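Everything on this sheet refers to the single structure shown next.
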Amino acid sequence: MKHRSSSGETASGVRRPGWLSDRLIAVALACAVTALPAQQGVAAADDDLAELTTDWPGPYGGLPPVDRAPPARLETAYRKAIESKRQEIRAITSISQPPTFENTIVALEESGKALERARALLGIYTATASTDEVRAVAARVTPLGAGLDDEIEHDANLFARVDLVFAGLPDSAPTPEARRLVRVLRDRMAYGGATLGASQKVRLQRINEELAALTARFDQNVAREEESLAVFVNDEAQLQGLSEAQRQAAKAAAQARGRADEWAIPIQRPTVWPVLTRADSRALREQVFRLWITRGDHRGQYDNAPVMKDILRLRGEKAKLLGHPSYAHLATSQRMAGTPEVALGMMRRAWDLLLPKTQAELARLQALADAEGGGFKLEPWDRLYYAEKLRQRELHLDGEAVKPYLTLDNVTRGMMWAAQRTYGLSFRRLEGIPVVAPDIAVYEVARGPQIIGILYLDMFQRTGKGPSSWTTQYRAAERGSANVLPVAAVHSNVVHPVDGSAPLLAWEVANVIFHEFGHALHMLSNSAQYPSLGSLHVPWDFVEVPSLLNERWLLDRQVLSRFARHYRTGKAMPEELIAKVERGIQHDRVFSVTLDYLATAIVDMRLHLMADGREIDAVAAEKKIQVELGMPSAVAPTLAVSQAHHTFSPEYAAGVYTYLWSDAIAADIAEAFLAAPDGLYDQGVAARYRRTILEAGNTRPMAEAFRDFRGRDPDPDALFRRFKLLPQRATADAR
């Protein structure tokens, strides 16, 4: 999920294993794939492609050979890997012997290793080092992989064999984990349409192909429009309130656009949020906000209105084909929530708790604006500006005062130290590992003498890299006889200071990095024997739990006292400032406990409840839903529907609620830590959490895993207790 925070930093959460599963691709394709050039004879003489696919070269079982994968060679490898997996599946279905766990389930699980490696390499380029050539390659090969996914899921002979092993449970599989694998693979094929008739399968495959192209176009429309949008200022006085560094950046942005006598505010989150938070010019704030909130909703080549309509219509048709009344029902059937009604119920309860509190907060902001002689009703472009003023006035907290203590180096060292104290992990930086940019750091991760995985930290913004922050898995762990090490990567978009000084982070940016590191810990800790039972195969409304929980360590006084040190003086962050930060977080709450987020999440679910094959005007529906919710006029959704990547991505569709759901579970787990003698570093709680959740992956249902850790089902009120949102009696009863 892309988190909206007061600094404007975003966290896009985690991406599915193999990561660039062709059907789930979100950033690889160019806008108009039909306009890309056809392949013109790729390195046919290069037949030795194993190093790009199954057998990566180098230590630790091989690492991504990005230095040996020019786009043409990668395309050849990708095409060969697709055909290799196709042949592996044919080998399974052509066996004359009756299906068994080994000859069917294990063989299916082990198929496609070459394709997973090729997908990972392509993903590295498309998301972190993209060029027109890379996008062209992705546009050509991605549909081939998506077609193969459908071909496998719709293979009647393969499903018959899997289904027979499933029918023979428990005797047909040797261990509980093996039996879990049988169920997961069988359910995955059924969810993908394995039980449909021949004509229905053909239609479903066509729908999936169209959706893959449409979801890619949605993201690219927003990205390309952002590149083209900027607000130009011809009088520096309009930038009053912005820091000198922010003004210099605006001047450089204008110069880069050929308007050296002006200043430019690019309509991108890192430059928009300082304006909305600090610019004294209300006219400038309004101009910037209106362009920001309407991305994807401008008529022309980047208009997402027809794209959204087609995505929702096709998703509804897909749901009906698979026997569900709407796409929301289809999506939630594979998650902990189970039904859209359960997820909506939780969101509506949160909305009802937060609405009066938000209205009271807005009244205070309005009073502040009135006291300054504003003479206007508070609008969305005023809210962050006056919230920052109120924060400084009442909490005496200036976000800029925190930055000097949060260098990127301080933050990364602090998160590694916390992981060492809590989980016994060590991190050793490696040299000479191939990377797509020289500022990427690579670490060996160990627990005692045992190496458990490899971690890439790709923290800096650059051309060709996707926006925001996210975590990916280049290779999944396999803790069976081969003990394949996981390879994980944390990505962010920290800007290199122009003067070469240490990058200083806003608190929210540091928080996002801790968040993404939590995903990496989940990937690196995975002890599942089979990749399909790994950490990224947990239900999508649980996948954010480890990352949201890991944010709590940034707030820990031990971490702050050791690592939050001034970049010039080396002095620790003063206790008074730490206390102000803590009060600020309690005041602002985490992003899932805001109307801004809930507006996005509820619209997402309501749109997909409507998605039953009908035509839907998403922008009009969004406005109608906001009115029905009684959304205050000064509140804007975290992501308006025309730019809501998650709503129109395959992973988070009808699943934006997962952040509230996961935050509640993470808060419940945090209560277990904080109630223990040694708090966040309590070794008994940490060992139990590691065993039952971090290491367990999807080896059993997550509700069962949570009960093993906590001794009961999750308590959704834990999150509301954290921010004192419950009536006093309910809080007392919970204790």
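Chain identifiers are assigned as A, B, and so on, following the order in which chains appear in the structure tokens; residues are numbered from 1 within each chain, and ligands are numbered from 1 in order of appearance.
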Residues within 10 Å of A:Asp713, please, as a VMD selection string. Count only C-alpha atoms; anything in the same chain fewer than 4 positions from it doesn't count.
chain A and resid 665 668 703 to 709
Mind dumping the selected residues with C-alpha atoms as an mmCIF file, in the first residue's frame?
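out23.cif, written as the output of this step:
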```cif
data_model
loop_
_atom_site.group_PDB
_atom_site.id
_atom_site.type_symbol
_atom_site.label_atom_id
_atom_site.label_comp_id
_atom_site.auth_asym_id
_atom_site.auth_seq_id
_atom_site.Cartn_x
_atom_site.Cartn_y
_atom_site.Cartn_z
ATOM 1 C CA ILE A 665 -3.376 -7.693 14.324
ATOM 2 C CA ASP A 668 -2.435 -7.079 19.230
ATOM 3 C CA ALA A 703 -5.796 -17.640 12.123
ATOM 4 C CA GLU A 704 -4.379 -20.866 13.544
ATOM 5 C CA ALA A 705 -0.845 -19.457 13.629
ATOM 6 C CA PHE A 706 -2.044 -16.369 15.479
ATOM 7 C CA ARG A 707 -3.906 -18.490 18.042
ATOM 8 C CA ASP A 708 -0.690 -20.423 18.604
ATOM 9 C CA PHE A 709 1.148 -17.168 19.310
#
```
Which of stretch 131-262 of chain A DSSP labels strand (DSSP E), written as a list in words:
Ala230, Val231, Phe232 and Val233 of chain A
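Across A:Ala437, A:Arg421, A:Leu536, A:Gly414, the tightest approach to A:Val559 is made by A:Gly414 when counting only C-alpha atoms.
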Would you mind listing what lies within 8 Å of A:Gly147 as an mmCIF file with N, CA and C atoms, in the first residue's frame, with only C-alpha atoms counted and same-chain residues fewer than 3 positions away left out?
```
data_model
loop_
_atom_site.group_PDB
_atom_site.id
_atom_site.type_symbol
_atom_site.label_atom_id
_atom_site.label_comp_id
_atom_site.auth_asym_id
_atom_site.auth_seq_id
_atom_site.Cartn_x
_atom_site.Cartn_y
_atom_site.Cartn_z
ATOM 1 N N PRO A 143 2.919 -10.845 -21.642
ATOM 2 C CA PRO A 143 1.706 -11.578 -22.041
ATOM 3 C C PRO A 143 1.957 -13.065 -22.256
ATOM 4 N N LEU A 144 3.170 -13.434 -22.669
ATOM 5 C CA LEU A 144 3.470 -14.851 -22.860
ATOM 6 C C LEU A 144 3.446 -15.589 -21.526
ATOM 7 N N ASP A 150 -2.299 -19.090 -17.236
ATOM 8 C CA ASP A 150 -3.657 -19.572 -17.507
ATOM 9 C C ASP A 150 -3.632 -20.990 -18.081
ATOM 10 N N GLU A 151 -2.700 -21.230 -18.964
ATOM 11 C CA GLU A 151 -2.595 -22.553 -19.583
ATOM 12 C C GLU A 151 -2.405 -23.636 -18.527
ATOM 13 N N GLN A 205 -9.278 -16.601 -19.820
ATOM 14 C CA GLN A 205 -7.919 -16.285 -20.259
ATOM 15 C C GLN A 205 -7.882 -14.940 -20.975
ATOM 16 N N GLU A 209 -5.836 -11.531 -19.810
ATOM 17 C CA GLU A 209 -4.922 -10.816 -20.706
ATOM 18 C C GLU A 209 -5.286 -9.336 -20.771
#
```
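Counting only C-alpha atoms and comparing A:Asn698, A:Thr294, A:Ser84, A:Thr407, the residue that lies closest to A:Gly570 is A:Thr407.
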So that I can see what lies close to A:Tyr125, please list as a compact mmCIF listing (two decimals) with C-alpha atoms, in the first residue's frame the residues with an atom at most 10 Å from it, counting only C-alpha atoms and leaving out residues fewer than 2 positions away in the same chain.
```txt
# COMPACT_ATOMS: atom_id res chain seq x y z
CA ALA A 28 6.56 -3.19 -16.43
CA VAL A 66 22.23 -7.98 -13.47
CA ALA A 69 21.44 -9.46 -18.49
CA PRO A 70 21.10 -6.85 -21.23
CA PRO A 71 17.46 -6.64 -22.34
CA ALA A 120 12.99 -11.66 -11.00
CA LEU A 121 15.65 -10.23 -13.29
CA LEU A 122 13.09 -8.55 -15.50
CA GLY A 123 11.44 -7.17 -12.38
CA ALA A 127 11.05 -1.37 -11.35
CA THR A 128 14.53 -0.05 -10.59
CA ALA A 129 16.42 0.56 -13.85
CA SER A 130 13.77 0.92 -16.53
CA THR A 131 14.42 2.18 -20.05
CA VAL A 134 13.37 -2.69 -21.00
CA ARG A 135 9.71 -1.67 -21.21
CA ALA A 138 8.47 -6.47 -20.80
CA VAL A 436 22.09 -1.90 -11.23
CA GLY A 464 14.17 4.59 -14.31
CA LYS A 465 13.18 3.60 -10.77
```
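Of note, atom CA of A:Leu284 and atom CA of A:Leu397 are spaced 24.4 Å apart.
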Find the spatial neighbours of A:Ser501, counting only C-alpha atoms, within a cut-off of 12 Å - ignore same-chain residues fewer than 5 positions away - and output them as a ChimeraX atom specification.
/A:404,407-409,495-496,567-568
Could you pull out all residues of stretch 356-520 of chain A with a DSSP call of alpha helix (DSSP H) and give them as a VMD selection string?
chain A and resid 356 to 371 380 to 390 399 to 402 408 to 423 507 to 520
Could you write out the selected residues, including C-alpha atoms, as a PDB file, in the first residue's frame?
```pdb
ATOM      1  CA  PRO A 356     -16.426  12.808  15.532  1.00  0.00           C
ATOM      2  CA  LYS A 357     -12.769  12.956  16.512  1.00  0.00           C
ATOM      3  CA  THR A 358     -11.805  14.205  13.044  1.00  0.00           C
ATOM      4  CA  GLN A 359     -14.607  16.764  13.046  1.00  0.00           C
ATOM      5  CA  ALA A 360     -13.346  18.090  16.378  1.00  0.00           C
ATOM      6  CA  GLU A 361      -9.793  18.283  15.005  1.00  0.00           C
ATOM      7  CA  LEU A 362     -11.021  20.156  11.930  1.00  0.00           C
ATOM      8  CA  ALA A 363     -12.907  22.600  14.149  1.00  0.00           C
ATOM      9  CA  ARG A 364      -9.647  23.385  15.945  1.00  0.00           C
ATOM     10  CA  LEU A 365      -7.894  23.938  12.626  1.00  0.00           C
ATOM     11  CA  GLN A 366     -10.732  26.182  11.458  1.00  0.00           C
ATOM     12  CA  ALA A 367     -10.440  28.209  14.644  1.00  0.00           C
ATOM     13  CA  LEU A 368      -6.721  28.605  14.041  1.00  0.00           C
ATOM     14  CA  ALA A 369      -7.335  29.818  10.473  1.00  0.00           C
ATOM     15  CA  ASP A 370     -10.046  32.201  11.702  1.00  0.00           C
ATOM     16  CA  ALA A 371      -7.727  33.582  14.385  1.00  0.00           C
ATOM     17  CA  PRO A 380      -8.295  19.995   1.765  1.00  0.00           C
ATOM     18  CA  TRP A 381      -5.387  22.199   0.656  1.00  0.00           C
ATOM     19  CA  ASP A 382      -5.541  24.005   4.027  1.00  0.00           C
ATOM     20  CA  ARG A 383      -5.708  21.008   6.312  1.00  0.00           C
ATOM     21  CA  LEU A 384      -2.042  19.905   6.366  1.00  0.00           C
ATOM     22  CA  TYR A 385      -0.858  23.512   6.574  1.00  0.00           C
ATOM     23  CA  TYR A 386      -2.882  24.312   9.678  1.00  0.00           C
ATOM     24  CA  ALA A 387      -2.321  20.864  11.157  1.00  0.00           C
ATOM     25  CA  GLU A 388       1.419  21.565  11.027  1.00  0.00           C
ATOM     26  CA  LYS A 389       0.874  24.927  12.717  1.00  0.00           C
ATOM     27  CA  LEU A 390      -1.262  23.323  15.407  1.00  0.00           C
ATOM     28  CA  GLY A 399       9.101  17.991  11.757  1.00  0.00           C
ATOM     29  CA  GLU A 400      12.197  19.769  10.457  1.00  0.00           C
ATOM     30  CA  ALA A 401      13.734  19.618  13.938  1.00  0.00           C
ATOM     31  CA  VAL A 402      13.751  15.817  13.822  1.00  0.00           C
ATOM     32  CA  LEU A 408      19.727   7.400   6.258  1.00  0.00           C
ATOM     33  CA  ASP A 409      22.770   5.694   7.760  1.00  0.00           C
ATOM     34  CA  ASN A 410      21.467   6.203  11.311  1.00  0.00           C
ATOM     35  CA  VAL A 411      18.099   4.715  10.385  1.00  0.00           C
ATOM     36  CA  THR A 412      19.441   1.634   8.594  1.00  0.00           C
ATOM     37  CA  ARG A 413      21.953   0.902  11.350  1.00  0.00           C
ATOM     38  CA  GLY A 414      19.220   1.317  13.948  1.00  0.00           C
ATOM     39  CA  MET A 415      16.834  -1.103  12.262  1.00  0.00           C
ATOM     40  CA  MET A 416      19.569  -3.724  11.903  1.00  0.00           C
ATOM     41  CA  TRP A 417      20.563  -3.324  15.542  1.00  0.00           C
ATOM     42  CA  ALA A 418      16.948  -3.781  16.630  1.00  0.00           C
ATOM     43  CA  ALA A 419      16.684  -6.958  14.529  1.00  0.00           C
ATOM     44  CA  GLN A 420      19.868  -8.248  16.119  1.00  0.00           C
ATOM     45  CA  ARG A 421      18.591  -7.577  19.653  1.00  0.00           C
ATOM     46  CA  THR A 422      15.160  -9.037  18.971  1.00  0.00           C
ATOM     47  CA  TYR A 423      15.814 -11.951  16.624  1.00  0.00           C
ATOM     48  CA  TRP A 507      10.244  10.815  10.721  1.00  0.00           C
ATOM     49  CA  GLU A 508       7.626   9.371   8.404  1.00  0.00           C
ATOM     50  CA  VAL A 509      10.259   8.362   5.843  1.00  0.00           C
ATOM     51  CA  ALA A 510      12.271   6.602   8.542  1.00  0.00           C
ATOM     52  CA  ASN A 511       9.080   4.866   9.632  1.00  0.00           C
ATOM     53  CA  VAL A 512       8.430   3.651   6.089  1.00  0.00           C
ATOM     54  CA  ILE A 513      11.945   2.190   5.892  1.00  0.00           C
ATOM     55  CA  PHE A 514      11.388   0.301   9.166  1.00  0.00           C
ATOM     56  CA  HIS A 515       8.057  -0.856   7.720  1.00  0.00           C
ATOM     57  CA  GLU A 516       9.622  -2.230   4.556  1.00  0.00           C
ATOM     58  CA  PHE A 517      12.393  -3.857   6.572  1.00  0.00           C
ATOM     59  CA  GLY A 518       9.656  -5.766   8.416  1.00  0.00           C
ATOM     60  CA  HIS A 519       8.617  -7.308   5.098  1.00  0.00           C
ATOM     61  CA  ALA A 520      12.236  -8.272   4.466  1.00  0.00           C
TER      62      ALA A 520
END
```
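Within 7 Å of stretch 337-350 of chain A there are A:Ala328, A:His329, A:Thr332, A:Ser333, A:Gln334, A:Leu353, A:Leu354, A:Leu598, A:Ile602, A:Tyr657, counting only C-alpha atoms and ignoring same-chain residues fewer than 3 positions away.
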Non-local contacts of stretch 186-195 of chain A (8 Å; only C-alpha atoms; under 5 positions in same chain excluded) as a PDB file with N, CA and C atoms, in the first residue's frame:
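What landed in out-v6.pdb:
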```
ATOM      1  N   ASP A 150      -2.299 -19.090 -17.236  1.00  0.00           N
ATOM      2  CA  ASP A 150      -3.657 -19.572 -17.507  1.00  0.00           C
ATOM      3  C   ASP A 150      -3.632 -20.990 -18.081  1.00  0.00           C
ATOM      4  N   GLU A 153      -3.103 -23.366 -15.145  1.00  0.00           N
ATOM      5  CA  GLU A 153      -4.252 -23.451 -14.246  1.00  0.00           C
ATOM      6  C   GLU A 153      -5.457 -24.098 -14.910  1.00  0.00           C
ATOM      7  N   HIS A 154      -5.528 -24.014 -16.234  1.00  0.00           N
ATOM      8  CA  HIS A 154      -6.682 -24.552 -16.953  1.00  0.00           C
ATOM      9  C   HIS A 154      -6.417 -25.920 -17.569  1.00  0.00           C
ATOM     10  N   ASP A 155      -5.261 -26.500 -17.250  1.00  0.00           N
ATOM     11  CA  ASP A 155      -4.918 -27.817 -17.782  1.00  0.00           C
ATOM     12  C   ASP A 155      -5.748 -28.880 -17.063  1.00  0.00           C
ATOM     13  N   ALA A 156      -6.700 -29.450 -17.769  1.00  0.00           N
ATOM     14  CA  ALA A 156      -7.633 -30.404 -17.146  1.00  0.00           C
ATOM     15  C   ALA A 156      -6.910 -31.631 -16.629  1.00  0.00           C
ATOM     16  N   PHE A 159      -4.987 -30.680 -13.408  1.00  0.00           N
ATOM     17  CA  PHE A 159      -5.881 -30.497 -12.274  1.00  0.00           C
ATOM     18  C   PHE A 159      -6.446 -31.834 -11.802  1.00  0.00           C
ATOM     19  N   VAL A 162      -3.823 -33.386  -9.607  1.00  0.00           N
ATOM     20  CA  VAL A 162      -3.741 -32.687  -8.322  1.00  0.00           C
ATOM     21  C   VAL A 162      -4.968 -33.002  -7.472  1.00  0.00           C
ATOM     22  N   ASP A 163      -6.116 -33.013  -8.099  1.00  0.00           N
ATOM     23  CA  ASP A 163      -7.370 -33.254  -7.379  1.00  0.00           C
ATOM     24  C   ASP A 163      -7.422 -34.663  -6.788  1.00  0.00           C
ATOM     25  N   PHE A 166      -5.368 -34.606  -3.742  1.00  0.00           N
ATOM     26  CA  PHE A 166      -6.151 -33.886  -2.739  1.00  0.00           C
ATOM     27  C   PHE A 166      -7.231 -34.787  -2.140  1.00  0.00           C
ATOM     28  N   LYS A 201     -13.094 -21.221 -19.845  1.00  0.00           N
ATOM     29  CA  LYS A 201     -11.648 -21.049 -19.667  1.00  0.00           C
ATOM     30  C   LYS A 201     -11.075 -20.123 -20.733  1.00  0.00           C
ATOM     31  N   LEU A 204     -12.053 -16.656 -19.734  1.00  0.00           N
ATOM     32  CA  LEU A 204     -11.302 -16.199 -18.566  1.00  0.00           C
ATOM     33  C   LEU A 204      -9.875 -15.826 -18.949  1.00  0.00           C
ATOM     34  N   LEU A 322     -16.430 -17.351 -12.124  1.00  0.00           N
ATOM     35  CA  LEU A 322     -15.894 -18.214 -11.067  1.00  0.00           C
ATOM     36  C   LEU A 322     -16.902 -18.459  -9.946  1.00  0.00           C
TER      37      LEU A 322
END
```
May I ask which of the residues A:Leu629, A:Ala91, A:Leu312, A:Leu719 is the closest one to A:Arg614, counting only C-alpha atoms?
A:Leu312
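In this structure, atom CA of A:Ala173 sits 14.9 Å away from atom CA of A:Arg700.
You will find atom CA of A:Leu660 at 24.3 Å from atom CA of A:Met308.
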Of the candidates A:Leu607, A:Leu533, A:Ala256, A:Leu314, which one gets nearest to A:Pro701 if we count only C-alpha atoms?
A:Leu533
